[in-house]
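Working notes for the structure below.
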Amino acid sequence: MYRYTDLDRRFVRARAAQFRDQLQRHLAGELPDDDFRPLRLQNGWYVQRHAPMLRVAVPYGELSARQLRQLARIAREFDHQDAGLASERGGFGHFSTRQNLQFNWIPLARASDVMDLLAEVDMHGIQTSGNCIRNITSDALAGIAPDEEVDPRPYCEILRQWTTLHPEFAFLPRKFKIAVSGAREDRAATAWHDIGLRLHRNAAGEVGFAVAVGGGMGRTPVIATPVNDFVPWQQILVFIEAIVRVYNLHGRRDNLYKARIKILVKAEGQRFVDAVNSEFAALLADPDTAPIPQAALERVQQHFQPPPAPPPLAAAPVGTPLPAYTRWADRNVHAHRLAGYRAVTLSLKRAGLPPGDVTADQMEGAAALAERFSLGELRVSHDQNLLLPWVREDELRALWLAAREGGFATPNIGLLTDMIACPGGDLCALANARSIPIAAAITERFDDLDELHDIGDIDLHISGCINSCGHHHSGHIGILGVDKDGSEWYQVTVAGADGSSLSGAAVAGKVIGPSFAADEVPDVVEAVIATYLRERRPGERFIDAARRLGPLPFRHAANTARRSTALAA
């Protein structure tokens with residue numbers, strides 16, 4: 001993974017010192033709220049429902065054990081209050097779908113101390129908020145996936161450095177998100193991003209990017225529009241600058257809900273593509289425009305060299321593997337492009353904690369597993385789990401035993417309870433409804449692993465509001481919290497997809513009926529699953545059956561479940 005240079009460290013520590021000065025002036029009454037707000041947002045600090053929330057950047061999901069231990073320290077020492085709800089939900093972190101980590105209970109008066117601790121381990125919150133280019137995300141299997149054509153991590157790092165505090169990108173009409181994938185399967189949901197980049201090689205073996213623009217969720221879900229099939233890697237920064245310049249010039253700034261680039265792309269169509277290509281040509285013709293030098297790429301690539309091959313495997317032990325180990329190996333262990341290695345997902349989806357949440361002790365435990373089994377490295381996945389990328393095959397059984405001790409070995413990866421969920425109304429000031437109790441109720445309802453494995457692969461996504469932080473649009477089953485006359489209700493969709501091989505082409509799910517009360521949602525999900533089990537063909541996955549059947553059978557089942565819930569009450 002990328003190791004900070006002295007220049008990187010000086011920059012991050014100077015930024016932390018600037019924030020300390022800004023915070024002190026604010027707390028002293030010298031810097032009014034309206035002036036301080038953009039400064040704290042530029043460093044990742046929000047004001048949420050109960051307390052400030054800090055979003056810590058984890059660039060393209062790569063995290064060291066040392067960094068995770070520091071995050072555990074911050075959770076333990078800062079992320080709590082002394083009374084009320086805060087004490088019940090303090091001392092933890094939340095991994096998001098953007099591969100970042102969020103703290104929800106750090107008092108603002110202690111914020112600068114936290115920024116200093118982050119800087120000690122080469123971390124920060126810069127550009128995790130505000131109308132700027134946010135954290136660059138990627139495939140959690142980047143650099144190790146067997147289907148990978150080009151390792152995207154060096155390009156992600158170049159993008160990270162280039163976009164950080166770039167004046168062209170600091171005050172965009174709205175927040176801006178980029179995802180990069182280098183594999184044949186899109187595990188980074190690139191079609192749902194403002195810019196989606198797909199690395200590949202042309203017929204001559206040259207590396208370039210397929211570029212799509214204008215994807216996004218929210219109240220208007222839009223799939224990104226392809227705008228260029230092959231931009232040479234040397235020119236990708238120029239092409240992105242052309243896109244953002246057009247967006248900066250023509251994007252809506254008078255309406256928050258119409259300010260995302262997806263609205264501009266949808267409204268302008270080919271005119272947008274033509275404007276980008278014209279700007280791109282003008283930038284290339286400018287003698288001051290410089291492509292990425294080969295030496296710069298090679299310098300960054302040195303940080304992402306694979307480890308040495310492990311020694312040959314010893315003969316496998318005689319005997320039948322334990323069923324629990326076999327189930328875990330089938331679900332949580334993934335193929336690797338390097339012989340002798342496997343990637344292993346540490347599940348953060350288990351009863352008692354919301355999806356993506358980890359306590360300080362669990363962070364320490366995951367860091368210890370990474371140090372022992374994965375060369376000190378972890379990845380944060382789009383699905384809010386942690387992944388160990390460098391596990392030797394001959395250490396899988398030992399890892400399983402250690403992961404069970406730490407509570408990370410639930411064999412549910414890709415199954416119904418491996419759900420995505422935002423913090424919702426328990427924490428977020430924007431949410432219309434709570435996500436965490438809904439996730440807990442569904443997890444409790446589907447607590448039989450045999451049943452889950454029989455149901456098979458399903459992406460269940462839950463959002464507490466239309467901002468879609470839980471990516472409900474792309475869920476095979478999506479749940480959206482809505483407000484009706486001050487009460488919490490939930491809209492259910494089926495057959496959404498993020499663009500992976502499991503899901504197929506990216507598409508927004510279809511609504512199945514009116515919204516449901518909170519206590520009806522588990523019954524509705526159960527009815528949807530029962531419909532699939534009754535109607536599926538041999539070997540047919542839920543997403544395929546949902547597309548074949550359409551929304552009507554699921555709508556009928558959901559409404560029947562609602563009536564049954566009402567009668568039972």
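Residues in the structure tokens are named by chain (A, B, ... in the order shown) and by number from 1 within that chain; ligands are numbered from 1 in the order shown.
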Discussion item. Please return, as a VMD selection string, all residues of region 171-231 of chain A that DSSP assigns to strand (DSSP E or B) on the basis of the backbone.
Written reply: chain A and resid 176 178 to 181 183 195 to 201 207 to 213 216 222 225 to 231
Discussion item. Which residues are near Pro146 (chain A)? Cut-off 9 Å, only C-alpha atoms, ignore same chain within fewer than 6 positions. Put them as a PyMOL selection string.
Written reply: chain A and resi 183+335-338
Go ahead and write the selection's residues with N, CA and C atoms as a JSON list (two decimals), in the first residue's frame.
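Writing the result to result.json gives the following:
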[["chain", "number", "residue", "atom", "x", "y", "z"],
["A", 183, "ALA", "N", -10.83, -4.38, -13.16],
["A", 183, "ALA", "CA", -11.15, -5.79, -13.39],
["A", 183, "ALA", "C", -12.28, -5.93, -14.40],
["A", 335, "ALA", "N", -10.74, -16.14, -4.21],
["A", 335, "ALA", "CA", -9.60, -16.48, -5.07],
["A", 335, "ALA", "C", -8.64, -15.30, -5.17],
["A", 336, "HIS", "N", -7.39, -15.62, -5.49],
["A", 336, "HIS", "CA", -6.31, -14.63, -5.52],
["A", 336, "HIS", "C", -5.53, -14.80, -6.81],
["A", 337, "ARG", "N", -5.02, -13.69, -7.33],
["A", 337, "ARG", "CA", -4.25, -13.79, -8.57],
["A", 337, "ARG", "C", -2.85, -14.36, -8.34],
["A", 338, "LEU", "N", -2.36, -14.34, -7.10],
["A", 338, "LEU", "CA", -1.04, -14.88, -6.78],
["A", 338, "LEU", "C", -1.17, -16.26, -6.16]]
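Closest approach to Asp79 (chain A) among A:Ala366, A:Ala360, A:Leu378, A:Cys156: A:Ala360, based on only C-alpha atoms.
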Fill in: Option closest in space to Asn432 (chain A), from A:Pro307, A:Pro551, A:Pro59, A:Gly481 [counting only C-alpha atoms]
A:Gly481
Where does region 315-368 of chain A meet region 443-454 of chain A within 10 Å, residue by residue, with the nearest atom pair and distance in Å to one decimal for each, counting only C-alpha atoms, listed by chain and rising number, as JSON lines?
{"residue": "A:Arg327", "atom": "CA", "partner": "A:His453", "partner_atom": "CA", "distance": 9.3}
{"residue": "A:Arg331", "atom": "CA", "partner": "A:His453", "partner_atom": "CA", "distance": 9.7}
{"residue": "A:Lys349", "atom": "CA", "partner": "A:Thr443", "partner_atom": "CA", "distance": 8.8}
{"residue": "A:Arg350", "atom": "CA", "partner": "A:Thr443", "partner_atom": "CA", "distance": 7.7}
{"residue": "A:Ala351", "atom": "CA", "partner": "A:Thr443", "partner_atom": "CA", "distance": 6.6}
{"residue": "A:Gly352", "atom": "CA", "partner": "A:Thr443", "partner_atom": "CA", "distance": 9.4}
{"residue": "A:Pro354", "atom": "CA", "partner": "A:Thr443", "partner_atom": "CA", "distance": 9.8}
{"residue": "A:Pro355", "atom": "CA", "partner": "A:Thr443", "partner_atom": "CA", "distance": 10.0}
Emit the selected residues as an mmCIF file, in the first residue's frame, including C-alpha atoms.
data_model
loop_
_atom_site.group_PDB
_atom_site.id
_atom_site.type_symbol
_atom_site.label_atom_id
_atom_site.label_comp_id
_atom_site.auth_asym_id
_atom_site.auth_seq_id
_atom_site.Cartn_x
_atom_site.Cartn_y
_atom_site.Cartn_z
ATOM 1 C CA ARG A 327 -19.071 -22.977 5.076
ATOM 2 C CA ARG A 331 -18.382 -17.667 1.669
ATOM 3 C CA LYS A 349 -22.516 -8.161 9.885
ATOM 4 C CA ARG A 350 -23.598 -9.944 13.040
ATOM 5 C CA ALA A 351 -26.285 -9.682 15.669
ATOM 6 C CA GLY A 352 -25.841 -6.935 18.236
ATOM 7 C CA PRO A 354 -25.369 -2.303 13.090
ATOM 8 C CA PRO A 355 -23.885 -3.191 9.671
#
Worksheet item: CA of Leu23 (chain A) to CA of Asp116 (chain A): how many Å, to one decimal?
Response: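 Straight-line distance from CA of Leu23 (chain A) to CA of Asp116 (chain A) works out to 12.9 Å.
Distance-wise, CA of Thr164 (chain A) and CA of Gln70 (chain A) end up 22.9 Å apart.
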Which residues of region 454-524 of chain A come within 12 Å of region 194-215 of chain A, and what is each one's closest atom pair and distance in Å (one decimal), counting only C-alpha atoms, sorted by chain and residue number, as a tab-separated table?
residue	atom	partner	partner_atom	distance
A:Ser474	CA	A:Gly215	CA	12.0
A:Asp498	CA	A:Gly215	CA	11.3
A:Gly499	CA	A:Gly196	CA	11.5
A:Ala506	CA	A:Gly215	CA	10.0
A:Val507	CA	A:Gly215	CA	10.7
A:Ala508	CA	A:Gly215	CA	11.3
Just all heavy atoms for this one: save the residues we selected as a short mmCIF file (atom, residue, chain, number, x, y, z; two decimals), in the first residue's frame.
data_model
loop_
_atom_site.label_atom_id
_atom_site.label_comp_id
_atom_site.auth_asym_id
_atom_site.auth_seq_id
_atom_site.Cartn_x
_atom_site.Cartn_y
_atom_site.Cartn_z
N SER A 474 -29.66 0.35 -5.48
CA SER A 474 -28.94 -0.73 -6.14
C SER A 474 -29.10 -2.08 -5.42
O SER A 474 -28.48 -3.06 -5.81
CB SER A 474 -27.45 -0.39 -6.25
OG SER A 474 -26.84 -0.30 -4.97
N ASP A 498 -25.96 -3.15 -8.74
CA ASP A 498 -24.82 -2.23 -8.67
C ASP A 498 -23.86 -2.37 -9.84
O ASP A 498 -22.92 -1.60 -9.97
CB ASP A 498 -24.07 -2.40 -7.35
CG ASP A 498 -23.55 -3.81 -7.14
OD1 ASP A 498 -23.52 -4.61 -8.11
OD2 ASP A 498 -23.16 -4.13 -5.99
N GLY A 499 -24.07 -3.37 -10.68
CA GLY A 499 -23.20 -3.55 -11.85
C GLY A 499 -22.23 -4.69 -11.73
O GLY A 499 -21.46 -4.96 -12.66
N ALA A 506 -26.03 -2.23 -13.95
CA ALA A 506 -26.54 -1.33 -12.92
C ALA A 506 -27.92 -0.82 -13.29
O ALA A 506 -28.17 -0.39 -14.43
CB ALA A 506 -25.58 -0.16 -12.73
N VAL A 507 -28.84 -0.87 -12.32
CA VAL A 507 -30.21 -0.40 -12.54
C VAL A 507 -30.84 -0.11 -11.19
O VAL A 507 -30.48 -0.72 -10.18
CB VAL A 507 -31.03 -1.47 -13.31
CG1 VAL A 507 -31.21 -2.73 -12.49
CG2 VAL A 507 -32.38 -0.92 -13.75
N ALA A 508 -31.77 0.82 -11.16
CA ALA A 508 -32.49 1.14 -9.92
C ALA A 508 -33.64 0.16 -9.73
O ALA A 508 -34.31 -0.25 -10.69
CB ALA A 508 -33.03 2.57 -9.96
#
Worksheet entry | Among listed residues A:Tyr46, A:Tyr60, A:Trp489, A:Phe542, nearest Ile106 (chain A) (using only C-alpha atoms) |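 Under the stated criterion, the closest residue is A:Tyr46.
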